file final.txt (compact mmCIF, C-alpha atoms)
# COMPACT_ATOMS: atom_id res chain seq x y z
CA MET L 1 -15.30 -16.45 35.79
CA ALA L 2 -14.92 -17.28 32.10
CA ASP L 3 -12.18 -15.60 30.08
CA THR L 4 -13.09 -13.42 27.10
CA LEU L 5 -10.87 -14.40 24.20
CA TYR L 6 -10.62 -12.68 20.83
CA PHE L 7 -9.90 -14.50 17.59
CA SER L 8 -8.24 -12.67 14.71
CA ARG L 9 -10.57 -14.36 12.23
CA ASP L 10 -13.51 -12.53 13.85
CA SER L 11 -11.90 -9.09 13.50
CA LYS L 12 -13.18 -6.33 11.22
CA VAL L 13 -11.45 -3.24 9.84
CA TYR L 14 -13.21 -0.02 8.86
CA ILE L 15 -11.89 3.10 7.14
CA GLU L 16 -13.48 6.43 8.04
CA ALA L 17 -12.78 9.09 5.43
CA VAL L 18 -11.39 12.41 6.68
CA ASP L 19 -12.21 15.63 4.86
CA PRO L 20 -8.81 17.13 3.88
CA SER L 21 -10.25 20.66 4.06
CA THR L 22 -11.24 20.33 7.74
CA GLY L 23 -9.20 17.41 9.07
CA ALA L 24 -12.40 15.89 10.50
CA PRO L 25 -14.59 13.01 9.26
CA TYR L 26 -17.07 13.93 6.54
CA SER L 27 -20.45 15.02 7.86
CA SER L 28 -21.98 12.18 5.85
CA SER L 29 -19.75 9.66 7.72
CA VAL L 30 -18.30 7.94 4.67
CA VAL L 31 -16.98 4.62 5.99
CA TRP L 32 -15.62 1.64 4.03
CA GLU L 33 -15.60 -1.92 5.30
CA MET L 34 -12.17 -3.35 4.49
CA PRO L 35 -11.77 -7.15 4.41
CA VAL L 36 -8.21 -7.94 5.53
CA LEU L 37 -6.13 -11.09 5.61
CA ASP L 38 -4.63 -12.83 8.58
CA GLY L 39 -1.52 -11.10 9.94
CA PHE L 40 -2.80 -7.54 10.41
CA SER L 41 -1.10 -5.46 13.09
CA PHE L 42 -1.17 -2.07 14.80
CA SER L 43 1.09 -0.78 17.55
CA GLN L 44 2.54 2.32 19.16
CA ALA L 45 5.72 2.80 21.15
CA THR L 46 7.15 5.55 23.33
CA ASN L 47 10.38 7.47 23.00
CA THR L 48 12.24 7.62 26.31
CA SER L 49 15.33 9.20 27.81
CA GLU L 50 17.54 7.59 30.42
CA ILE L 51 19.59 9.51 32.97
CA THR L 52 22.28 7.62 34.88
CA LEU L 53 24.71 8.38 37.68
CA ASN L 54 28.36 7.64 37.10
CA GLU L 55 30.59 8.94 39.87
CA MET L 56 33.71 7.99 41.77
CA ALA L 57 33.62 6.68 45.33
CA SER L 58 33.11 8.87 48.39
CA THR L 59 35.44 8.67 51.41
CA ALA L 60 33.13 5.95 52.71
CA GLY L 61 33.56 3.92 49.53
CA VAL L 62 30.04 4.69 48.27
CA SER L 63 29.31 5.26 44.58
CA ARG L 64 25.74 5.97 43.50
CA ARG L 65 24.66 3.80 40.57
CA GLY L 66 21.01 4.71 40.05
CA ARG L 67 19.13 5.77 36.95
CA GLN L 68 15.87 7.48 35.96
CA MET L 69 13.62 6.99 32.91
CA PHE L 70 11.49 9.70 31.30
CA THR L 71 8.88 9.39 28.58
CA ASP L 72 9.62 12.08 26.00
CA SER L 73 6.96 11.39 23.39
CA TYR L 74 4.79 8.86 21.68
CA ALA L 75 6.22 7.38 18.52
CA PRO L 76 3.86 7.38 15.52
CA ALA L 77 1.39 4.53 15.54
CA GLU L 78 2.22 1.90 12.93
CA TRP L 79 -0.27 -0.34 11.16
CA SER L 80 -0.15 -2.93 8.40
CA PHE L 81 -2.45 -5.43 6.79
CA SER L 82 -3.01 -7.19 3.49
CA THR L 83 -6.02 -7.17 1.20
CA TYR L 84 -6.87 -8.92 -2.01
CA ALA L 85 -7.11 -6.79 -5.16
CA ARG L 86 -10.85 -6.92 -5.83
CA PRO L 87 -12.27 -4.86 -8.71
CA PHE L 88 -16.00 -4.85 -9.35
CA LYS L 89 -18.63 -3.11 -11.41
CA SER L 90 -21.11 -1.32 -9.21
CA ALA L 91 -24.75 -2.31 -9.38
CA GLY L 92 -25.58 1.37 -8.96
CA THR L 93 -28.33 0.68 -6.44
CA GLY L 94 -28.83 -0.88 -3.05
CA THR L 95 -27.54 -0.32 0.46
CA GLY L 96 -23.77 0.07 0.60
CA ALA L 97 -23.38 0.66 -3.14
CA ALA L 98 -20.13 2.27 -4.23
CA ASP L 99 -21.82 4.32 -6.92
CA SER L 100 -25.18 5.40 -8.24
CA ALA L 101 -24.21 4.19 -11.71
CA ALA L 102 -22.68 1.03 -13.14
CA LYS L 103 -19.09 2.25 -12.86
CA HIS L 104 -15.97 0.29 -11.95
CA HIS L 105 -14.53 0.38 -8.44
CA ALA L 106 -12.30 -1.63 -6.12
CA VAL L 107 -13.05 -2.82 -2.61
CA GLU L 108 -9.70 -1.35 -1.45
CA GLU L 109 -9.94 1.93 -3.39
CA ALA L 110 -10.05 4.10 -0.24
CA LEU L 111 -6.47 3.02 0.51
CA TRP L 112 -5.34 3.94 -3.00
CA ALA L 113 -6.95 7.36 -2.55
CA MET L 114 -4.65 8.08 0.39
CA MET L 115 -1.64 6.70 -1.46
CA VAL L 116 -2.01 8.87 -4.57
CA GLY L 117 -3.42 12.18 -3.32
CA ASP L 118 -5.38 14.08 -0.70
CA ALA L 119 -8.20 11.49 -0.68
CA ALA L 120 -10.84 14.19 -1.19
CA TYR L 121 -14.12 12.38 -1.76
CA ALA L 122 -17.00 13.78 -3.76
CA ALA L 123 -19.85 12.10 -5.63
CA THR L 124 -18.40 8.59 -5.17
CA THR L 125 -15.05 9.58 -6.74
CA PHE L 126 -11.67 10.32 -5.18
CA THR L 127 -9.06 12.83 -6.30
CA GLY L 128 -6.94 11.16 -8.98
CA PHE L 129 -9.63 8.59 -9.86
CA ALA L 130 -11.46 8.23 -13.16
CA ALA L 131 -14.30 5.76 -12.67
CA THR L 132 -16.21 4.91 -15.84
CA THR L 133 -18.46 2.11 -17.06
CA SER L 134 -15.43 0.37 -18.58
CA GLU L 135 -12.65 0.77 -15.97
CA LEU L 136 -11.31 2.51 -12.88
CA ALA L 137 -8.12 4.44 -13.69
CA ILE L 138 -5.90 5.74 -10.87
CA ASP L 139 -3.04 8.16 -11.44
CA PHE L 140 -0.54 9.98 -9.24
CA ASP L 141 -1.11 13.46 -10.69
CA SER L 142 -2.08 14.83 -7.26
CA SER L 143 0.73 13.17 -5.31
CA ASN L 144 3.38 15.92 -5.51
CA LYS L 145 2.41 17.30 -2.10
CA THR L 146 4.02 17.52 1.31
CA THR L 147 1.03 15.79 2.92
CA LEU L 148 -1.45 13.29 1.49
CA GLY L 149 -4.86 12.03 2.51
CA THR L 150 -5.60 10.63 5.95
CA CYS L 151 -8.30 8.49 7.53
CA ASN L 152 -9.32 6.96 10.84
CA LEU L 153 -8.80 3.20 11.02
CA TYR L 154 -11.00 1.12 13.30
CA PHE L 155 -9.90 -2.36 14.29
CA VAL L 156 -12.91 -4.14 15.76
CA LEU L 157 -11.74 -7.21 17.66
CA GLY L 158 -14.54 -9.68 18.21
CA GLY L 159 -16.43 -8.87 15.03
CA ALA L 160 -19.03 -6.27 14.13
CA GLY L 161 -22.09 -8.15 15.40
CA ALA L 162 -23.62 -8.35 18.85
CA GLY L 163 -21.50 -9.58 21.74
CA THR L 164 -18.28 -8.64 23.47
CA LYS L 165 -15.87 -6.66 21.33
CA THR L 166 -12.93 -4.32 21.77
CA ILE L 167 -12.54 -1.38 19.40
CA TYR L 168 -9.25 0.37 18.68
CA LYS L 169 -9.02 3.55 16.64
CA VAL L 170 -5.83 4.65 14.89
CA ALA L 171 -6.34 8.35 14.19
CA ASN L 172 -5.08 10.39 11.23
CA CYS L 173 -3.63 7.43 9.33
CA CYS L 174 -1.64 7.82 6.15
CA VAL L 175 -0.66 5.14 3.64
CA ASN L 176 3.10 4.92 3.33
CA GLU L 177 3.59 1.82 1.19
CA ALA L 178 1.67 -0.60 -1.01
CA GLY L 179 3.28 -3.81 -2.24
CA LEU L 180 1.65 -6.05 -4.83
CA ASP L 181 2.66 -9.69 -5.06
CA PHE L 182 1.60 -11.95 -7.90
CA ASP L 183 3.15 -15.35 -7.33
CA ILE L 184 2.05 -17.94 -9.83
CA ASP L 185 -0.20 -20.03 -7.58
CA GLY L 186 -1.87 -17.29 -5.56
CA ILE L 187 -4.52 -14.62 -5.58
CA THR L 188 -3.37 -11.04 -6.18
CA THR L 189 -2.56 -9.50 -2.81
CA ILE L 190 -1.72 -5.93 -1.79
CA ASN L 191 0.33 -5.40 1.38
CA TRP L 192 -0.49 -2.01 2.94
CA SER L 193 1.40 -0.21 5.68
CA GLY L 194 1.34 3.25 7.16
CA MET L 195 1.31 5.40 10.26
CA GLY L 196 -1.07 7.35 12.46
CA THR L 197 -0.94 9.80 15.33
CA ILE L 198 -2.43 7.92 18.28
CA ILE L 199 -4.17 4.65 19.19
CA SER L 200 -7.22 4.87 21.42
CA GLU L 201 -9.82 2.44 22.70
CA GLU L 202 -13.33 3.40 21.67
CA SER L 203 -16.78 2.42 22.86
CA SER L 204 -18.27 2.35 19.36
CA PHE L 205 -17.34 2.55 15.71
CA PRO L 206 -19.07 4.16 12.72
CA ALA L 207 -21.24 1.88 10.62
CA ALA L 208 -20.00 1.10 7.11
CA THR L 209 -21.72 3.07 4.36
CA VAL L 210 -19.79 1.55 1.43
CA PHE L 211 -19.47 -2.23 1.43
CA GLU L 212 -20.49 -3.33 -2.06
CA ALA L 213 -18.73 -6.50 -3.31
CA VAL L 214 -17.16 -7.19 0.10
CA THR L 215 -18.84 -10.60 0.23
CA SER L 216 -18.58 -11.31 -3.50
CA THR L 217 -16.68 -14.40 -4.64
CA GLY L 218 -16.37 -13.34 -8.28
CA ASN L 219 -13.92 -10.43 -7.98
CA PHE L 220 -10.71 -12.20 -6.98
CA ILE L 221 -7.80 -12.03 -9.44
CA ARG L 222 -5.83 -15.17 -10.28
CA ASN L 223 -2.12 -14.54 -10.66
CA ARG L 224 -1.51 -17.45 -13.02
CA LEU L 225 -3.24 -15.54 -15.83
CA THR L 226 -0.85 -12.56 -15.55
CA SER L 227 0.98 -11.35 -18.66
CA LEU L 228 3.83 -8.86 -19.17
CA THR L 229 4.55 -6.68 -22.18
CA ALA L 230 8.08 -5.25 -22.12
CA VAL L 231 9.09 -2.75 -24.81
CA SER L 232 12.56 -1.20 -24.91
CA SER L 233 13.12 2.19 -26.55
CA THR L 234 16.92 2.13 -26.26
CA PRO L 235 18.90 1.69 -28.39
CA THR L 236 16.10 0.50 -30.71
CA VAL L 237 12.45 -0.31 -30.14
CA THR L 238 12.26 -3.98 -29.16
CA THR L 239 9.30 -5.92 -27.82
CA TYR L 240 10.35 -8.83 -25.63
CA SER L 241 8.31 -11.99 -25.33
CA LEU L 242 8.45 -12.88 -21.64
CA VAL L 243 6.31 -15.48 -19.85
CA LEU L 244 6.28 -14.76 -16.13
CA THR L 245 6.68 -17.13 -13.23
CA GLY L 246 6.19 -14.40 -10.60
CA GLY L 247 6.66 -10.76 -9.80
CA SER L 248 6.07 -7.88 -7.44
CA VAL L 249 5.66 -4.09 -7.47
CA THR L 250 6.22 -1.80 -4.47
CA ILE L 251 5.06 1.81 -4.27
CA SER L 252 6.36 3.91 -1.38
CA ASN L 253 5.76 7.50 -0.27
CA ASN L 254 8.75 7.30 2.13
CA MET L 255 6.90 9.29 4.78
CA THR L 256 8.20 10.56 8.10
CA PHE L 257 6.21 11.79 11.10
CA LEU L 258 6.83 15.06 12.88
CA THR L 259 6.78 15.11 16.69
CA PRO L 260 7.57 18.17 18.88
CA GLU L 261 10.21 17.93 21.62
CA THR L 262 8.94 20.23 24.37
CA LEU L 263 10.55 19.59 27.78
CA GLY L 264 8.29 18.49 30.63
CA THR L 265 5.57 17.27 28.23
CA ILE L 266 4.78 13.90 26.75
CA ASN L 267 4.61 15.00 23.14
CA GLN L 268 2.37 13.39 20.56
CA PRO L 269 2.97 13.04 16.80
CA LEU L 270 1.55 15.89 14.74
CA GLY L 271 1.33 14.39 11.29
CA HIS L 272 3.21 13.06 8.31
CA VAL L 273 5.47 14.59 5.67
CA THR L 274 6.05 12.91 2.31
CA GLY L 275 9.48 11.91 1.05
CA THR L 276 10.70 10.76 -2.35
CA ARG L 277 8.11 8.70 -4.20
CA THR L 278 9.56 5.37 -5.33
CA VAL L 279 8.12 2.66 -7.56
CA SER L 280 10.16 -0.50 -7.96
CA GLY L 281 9.79 -4.24 -8.28
CA SER L 282 10.97 -7.37 -10.01
CA PHE L 283 9.73 -10.14 -12.24
CA THR L 284 10.92 -13.69 -12.87
CA CYS L 285 10.76 -15.83 -15.97
CA TYR L 286 12.49 -18.87 -17.40
CA LEU L 287 15.68 -18.44 -19.41
CA ASN L 288 14.50 -18.77 -22.99
CA ALA L 289 16.71 -18.58 -26.08
CA ASP L 290 14.00 -17.72 -28.61
CA SER L 291 14.12 -14.44 -30.52
CA ASN L 292 13.48 -11.39 -28.30
CA SER L 293 13.03 -13.59 -25.25
CA SER L 294 14.61 -13.49 -21.80
CA ALA L 295 18.05 -14.55 -23.07
CA ASP L 296 18.09 -11.61 -25.48
CA LEU L 297 16.95 -9.29 -22.70
CA PHE L 298 19.88 -10.40 -20.53
CA GLU L 299 22.33 -10.05 -23.40
CA ASN L 300 21.17 -6.56 -24.35
CA LEU L 301 21.29 -5.34 -20.76
CA ILE L 302 24.69 -6.83 -19.94
CA GLU L 303 26.18 -5.48 -23.16
CA GLY L 304 24.63 -2.01 -22.86
CA THR L 305 27.77 -0.52 -21.40
CA THR L 306 27.12 2.90 -22.95
CA THR L 307 23.48 3.18 -21.81
CA ILE L 308 23.41 5.09 -18.54
CA THR L 309 19.63 4.79 -18.02
CA ASN L 310 17.77 2.27 -20.11
CA ASP L 311 14.10 2.88 -20.89
CA PHE L 312 11.50 0.11 -20.86
CA ASP L 313 7.72 0.33 -21.04
CA LEU L 314 6.35 -2.40 -18.75
CA LEU L 315 2.68 -3.34 -18.73
CA PHE L 316 1.55 -5.97 -16.23
CA LYS L 317 -1.93 -7.32 -16.84
CA VAL L 318 -2.43 -9.09 -13.53
CA GLY L 319 -5.14 -11.63 -14.08
CA GLY L 320 -4.79 -11.66 -17.86
CA THR L 321 -6.88 -9.84 -20.44
CA ALA L 322 -10.36 -10.73 -19.19
CA ALA L 323 -12.15 -9.29 -16.17
CA PRO L 324 -11.49 -9.12 -13.28
CA ARG L 325 -7.94 -7.82 -13.73
CA LEU L 326 -5.50 -5.21 -12.52
CA GLU L 327 -3.21 -3.38 -14.96
CA LEU L 328 0.03 -1.69 -13.91
CA GLN L 329 1.54 0.56 -16.58
CA MET L 330 5.09 1.85 -16.03
CA ALA L 331 6.17 3.67 -19.16
CA HIS L 332 9.77 4.52 -18.19
CA CYS L 333 11.50 1.73 -16.30
CA HIS L 334 15.21 1.33 -15.70
CA LEU L 335 16.04 -2.39 -15.62
CA GLU L 336 18.95 -3.86 -13.73
CA VAL L 337 20.96 -6.73 -15.19
CA PRO L 338 18.96 -9.93 -14.49
CA SER L 339 20.32 -12.53 -12.12
CA HIS L 340 20.23 -16.25 -12.91
CA GLY L 341 18.43 -18.71 -10.68
CA ILE L 342 20.01 -22.14 -10.94
CA ASP L 343 17.28 -24.72 -10.40
CA ASP L 344 15.78 -27.63 -12.32
CA ILE L 345 14.89 -25.03 -14.96
CA ILE L 346 17.19 -22.01 -15.21
CA SER L 347 15.36 -18.75 -14.55
CA LEU L 348 16.04 -15.03 -14.57
CA GLU L 349 15.01 -12.42 -12.02
CA THR L 350 14.98 -8.83 -13.22
CA ALA L 351 14.70 -5.84 -10.88
CA PHE L 352 13.29 -2.59 -12.22
CA HIS L 353 12.75 1.00 -11.13
CA ALA L 354 9.84 2.97 -12.57
CA LEU L 355 10.84 6.57 -13.31
CA PRO L 356 8.82 9.63 -14.33
CA SER L 357 9.14 11.05 -17.82
CA ALA L 358 10.80 14.10 -16.20
CA ILE L 359 12.08 14.49 -12.66
CA ASN L 360 9.20 16.81 -11.69
CA GLU L 361 6.46 14.62 -13.21
CA THR L 362 4.19 12.07 -11.48
CA ASP L 363 3.72 9.50 -14.23
CA GLU L 364 5.87 6.65 -12.88
CA ILE L 365 2.86 4.34 -12.80
CA THR L 366 -0.82 4.26 -13.65
CA ILE L 367 -3.18 1.71 -12.19
CA LYS L 368 -6.27 0.35 -13.86
CA TYR L 369 -8.96 -1.89 -12.39
CA VAL L 370 -11.45 -3.75 -14.55
CA GLY L 371 -14.25 -5.50 -12.68
CA ALA L 372 -16.24 -8.49 -13.76

call {"tool": "encode", "arguments": {"input": "final.txt", "output": "structure tokens"}}
result
Amino acid sequence: MADTLYFSRDSKVYIEAVDPSTGAPYSSSVVWEMPVLDGFSFSQATNTSEITLNEMASTAGVSRRGRQMFTDSYAPAEWSFSTYARPFKSAGTGTGAADSAAKHHAVEEALWAMMVGDAAYAATTFTGFAATTSELAIDFDSSNKTTLGTCNLYFVLGGAGAGTKTIYKVANCCVNEAGLDFDIDGITTINWSGMGTIISEESSFPAATVFEAVTSTGNFIRNRLTSLTAVSSTPTVTTYSLVLTGGSVTISNNMTFLTPETLGTINQPLGHVTGTRTVSGSFTCYLNADSNSSADLFENLIEGTTTITNDFDLLFKVGGTAAPRLELQMAHCHLEVPSHGIDDIISLETAFHALPSAINETDEITIKYVGA
């Protein structure tokens, strides 16, 4: 009998939108096909208790040394995968189109919808999204909530075509973290991770209804074209001229999952609760002694002994100024003192923390996609 083997390169991932008002999939079965990179994972563990015997010897010299194990609950399912950042301008027509008009979208926008709000979906637009004919703007105005949007993730091992396949569903998934890496020689990549309630094996999966630009080769973003504008407002307005050699931005919802602890029952996770929203990252550049360059940035930060929280406006144009590109605007960043990298060419690495304009605001970062 021949073995049935599964190759990761044949796997497919699908996102089924969940209506936040009902907690069930939309009646229209809105499903996105999500191209992922090698290295995706999903798993679920159990929480157990151990009871042991620890007693002195009987008159016969016997001491019981046994133990028992009990399953208390399932831990939240954990999943992670990476996607490329892929903006595109919708054709407005055709099967699988993201829109009925020529507006800008991103292949991975369903994941952003769960990151920034309740992921409510209506008329091809998510909560917190502003899709126009010139750009797709994503803000966090709807993210100050105890729970955010959820979806059902389907991992189809063996591909989506005919033949033997195994289908795993991770139910009620939330997006906990998104990390963007733009190393100089690569393609812009977003590392996604999150949690769900339970993993189950399914006999079928819902067909994708939105898959525009999934097979396109013209919507990848080249990191080498990335530029950074850094403007300090303290103590005086200064625009620094920095040429990047790399960088990263990480956005985290710092979620936790709630699970009951009823005795005599194998409890299952109920759902997520949001924690503090954090936006942080770093960028690297060569040490340059020109006016308002990286050397001046280091000097001003190291000598700013009276500045408790410095304030920088950072604008990353990942992919440059032409389309396709991804813009990350962080208007109020606190920069740490850069560290020197001693190599053939001396470099600086600067860590930053994006902060809101006020502690109760949600404007740490805005994201803009511009498709080709």

call {"tool": "atom_distance", "arguments": {"input": "final.txt", "atom1": "CA of Leu242 in chain L", "atom2": "CA of Thr284 in chain L"}}
result
9.1 Å

call {"tool": "residues_around", "arguments": {"input": "final.txt", "residues": "Ala160 in chain L", "least_positions_apart": "6", "cutoff": "10 Å", "atoms": "all atoms listed in the file", "output": "PyMOL selection string"}}
result
chain L and resi 10-13+166-167+205+207

call {"tool": "write_last_selection", "arguments": {"input": "final.txt", "atoms": "C-alpha atoms", "output": "compact mmCIF listing (two decimals), in the coordinates of the input"}}
result
# COMPACT_ATOMS: atom_id res chain seq x y z
CA ASP L 10 -13.51 -12.53 13.85
CA SER L 11 -11.90 -9.09 13.50
CA LYS L 12 -13.18 -6.33 11.22
CA VAL L 13 -11.45 -3.24 9.84
CA THR L 166 -12.93 -4.32 21.77
CA ILE L 167 -12.54 -1.38 19.40
CA PHE L 205 -17.34 2.55 15.71
CA ALA L 207 -21.24 1.88 10.62

call {"tool": "residues_around", "arguments": {"input": "final.txt", "residues": "Thr238 in chain L", "least_positions_apart": "2", "cutoff": "12 Å", "atoms": "all atoms listed in the file", "output": "JSON, numbers by chain"}}
result
{"L": [229, 230, 231, 232, 233, 234, 235, 236, 240, 241, 291, 292, 293, 296, 297, 300, 311, 312, 313]}

call {"tool": "write_last_selection", "arguments": {"input": "final.txt", "atoms": "C-alpha atoms", "output": "JSON list (two decimals), in the coordinates of the input"}}
result
[["chain", "number", "residue", "atom", "x", "y", "z"],
["L", 229, "THR", "CA", 4.55, -6.68, -22.18],
["L", 230, "ALA", "CA", 8.08, -5.25, -22.12],
["L", 231, "VAL", "CA", 9.09, -2.75, -24.81],
["L", 232, "SER", "CA", 12.56, -1.20, -24.91],
["L", 233, "SER", "CA", 13.12, 2.19, -26.55],
["L", 234, "THR", "CA", 16.92, 2.13, -26.26],
["L", 235, "PRO", "CA", 18.90, 1.69, -28.39],
["L", 236, "THR", "CA", 16.10, 0.50, -30.71],
["L", 240, "TYR", "CA", 10.35, -8.83, -25.63],
["L", 241, "SER", "CA", 8.31, -11.99, -25.33],
["L", 291, "SER", "CA", 14.12, -14.44, -30.52],
["L", 292, "ASN", "CA", 13.48, -11.39, -28.30],
["L", 293, "SER", "CA", 13.03, -13.59, -25.25],
["L", 296, "ASP", "CA", 18.09, -11.61, -25.48],
["L", 297, "LEU", "CA", 16.95, -9.29, -22.70],
["L", 300, "ASN", "CA", 21.17, -6.56, -24.35],
["L", 311, "ASP", "CA", 14.10, 2.88, -20.89],
["L", 312, "PHE", "CA", 11.50, 0.11, -20.86],
["L", 313, "ASP", "CA", 7.72, 0.33, -21.04]]

call {"tool": "closest_residue", "arguments": {"input": "final.txt", "among": "L:Ile345, L:Leu335, L:Ala106, L:Ala77", "to": "Val210 in chain L", "atoms": "all atoms listed in the file"}}
result
L:Ala106

call {"tool": "closest_residue", "arguments": {"input": "final.txt", "among": "L:Ser204, L:Ser73, L:Thr127, L:Asn288", "to": "Asp141 in chain L", "atoms": "only C-alpha atoms"}}
result
L:Thr127

call {"tool": "closest_residue", "arguments": {"input": "final.txt", "among": "L:Phe129, L:Phe70, L:Cys174, L:Pro76", "to": "Ala17 in chain L", "atoms": "all atoms listed in the file"}}
result
L:Cys174

call {"tool": "closest_residue", "arguments": {"input": "final.txt", "among": "L:Ile221, L:Val31, L:Leu153, L:Ala323", "to": "Ile199 in chain L", "atoms": "all atoms listed in the file"}}
result
L:Leu153
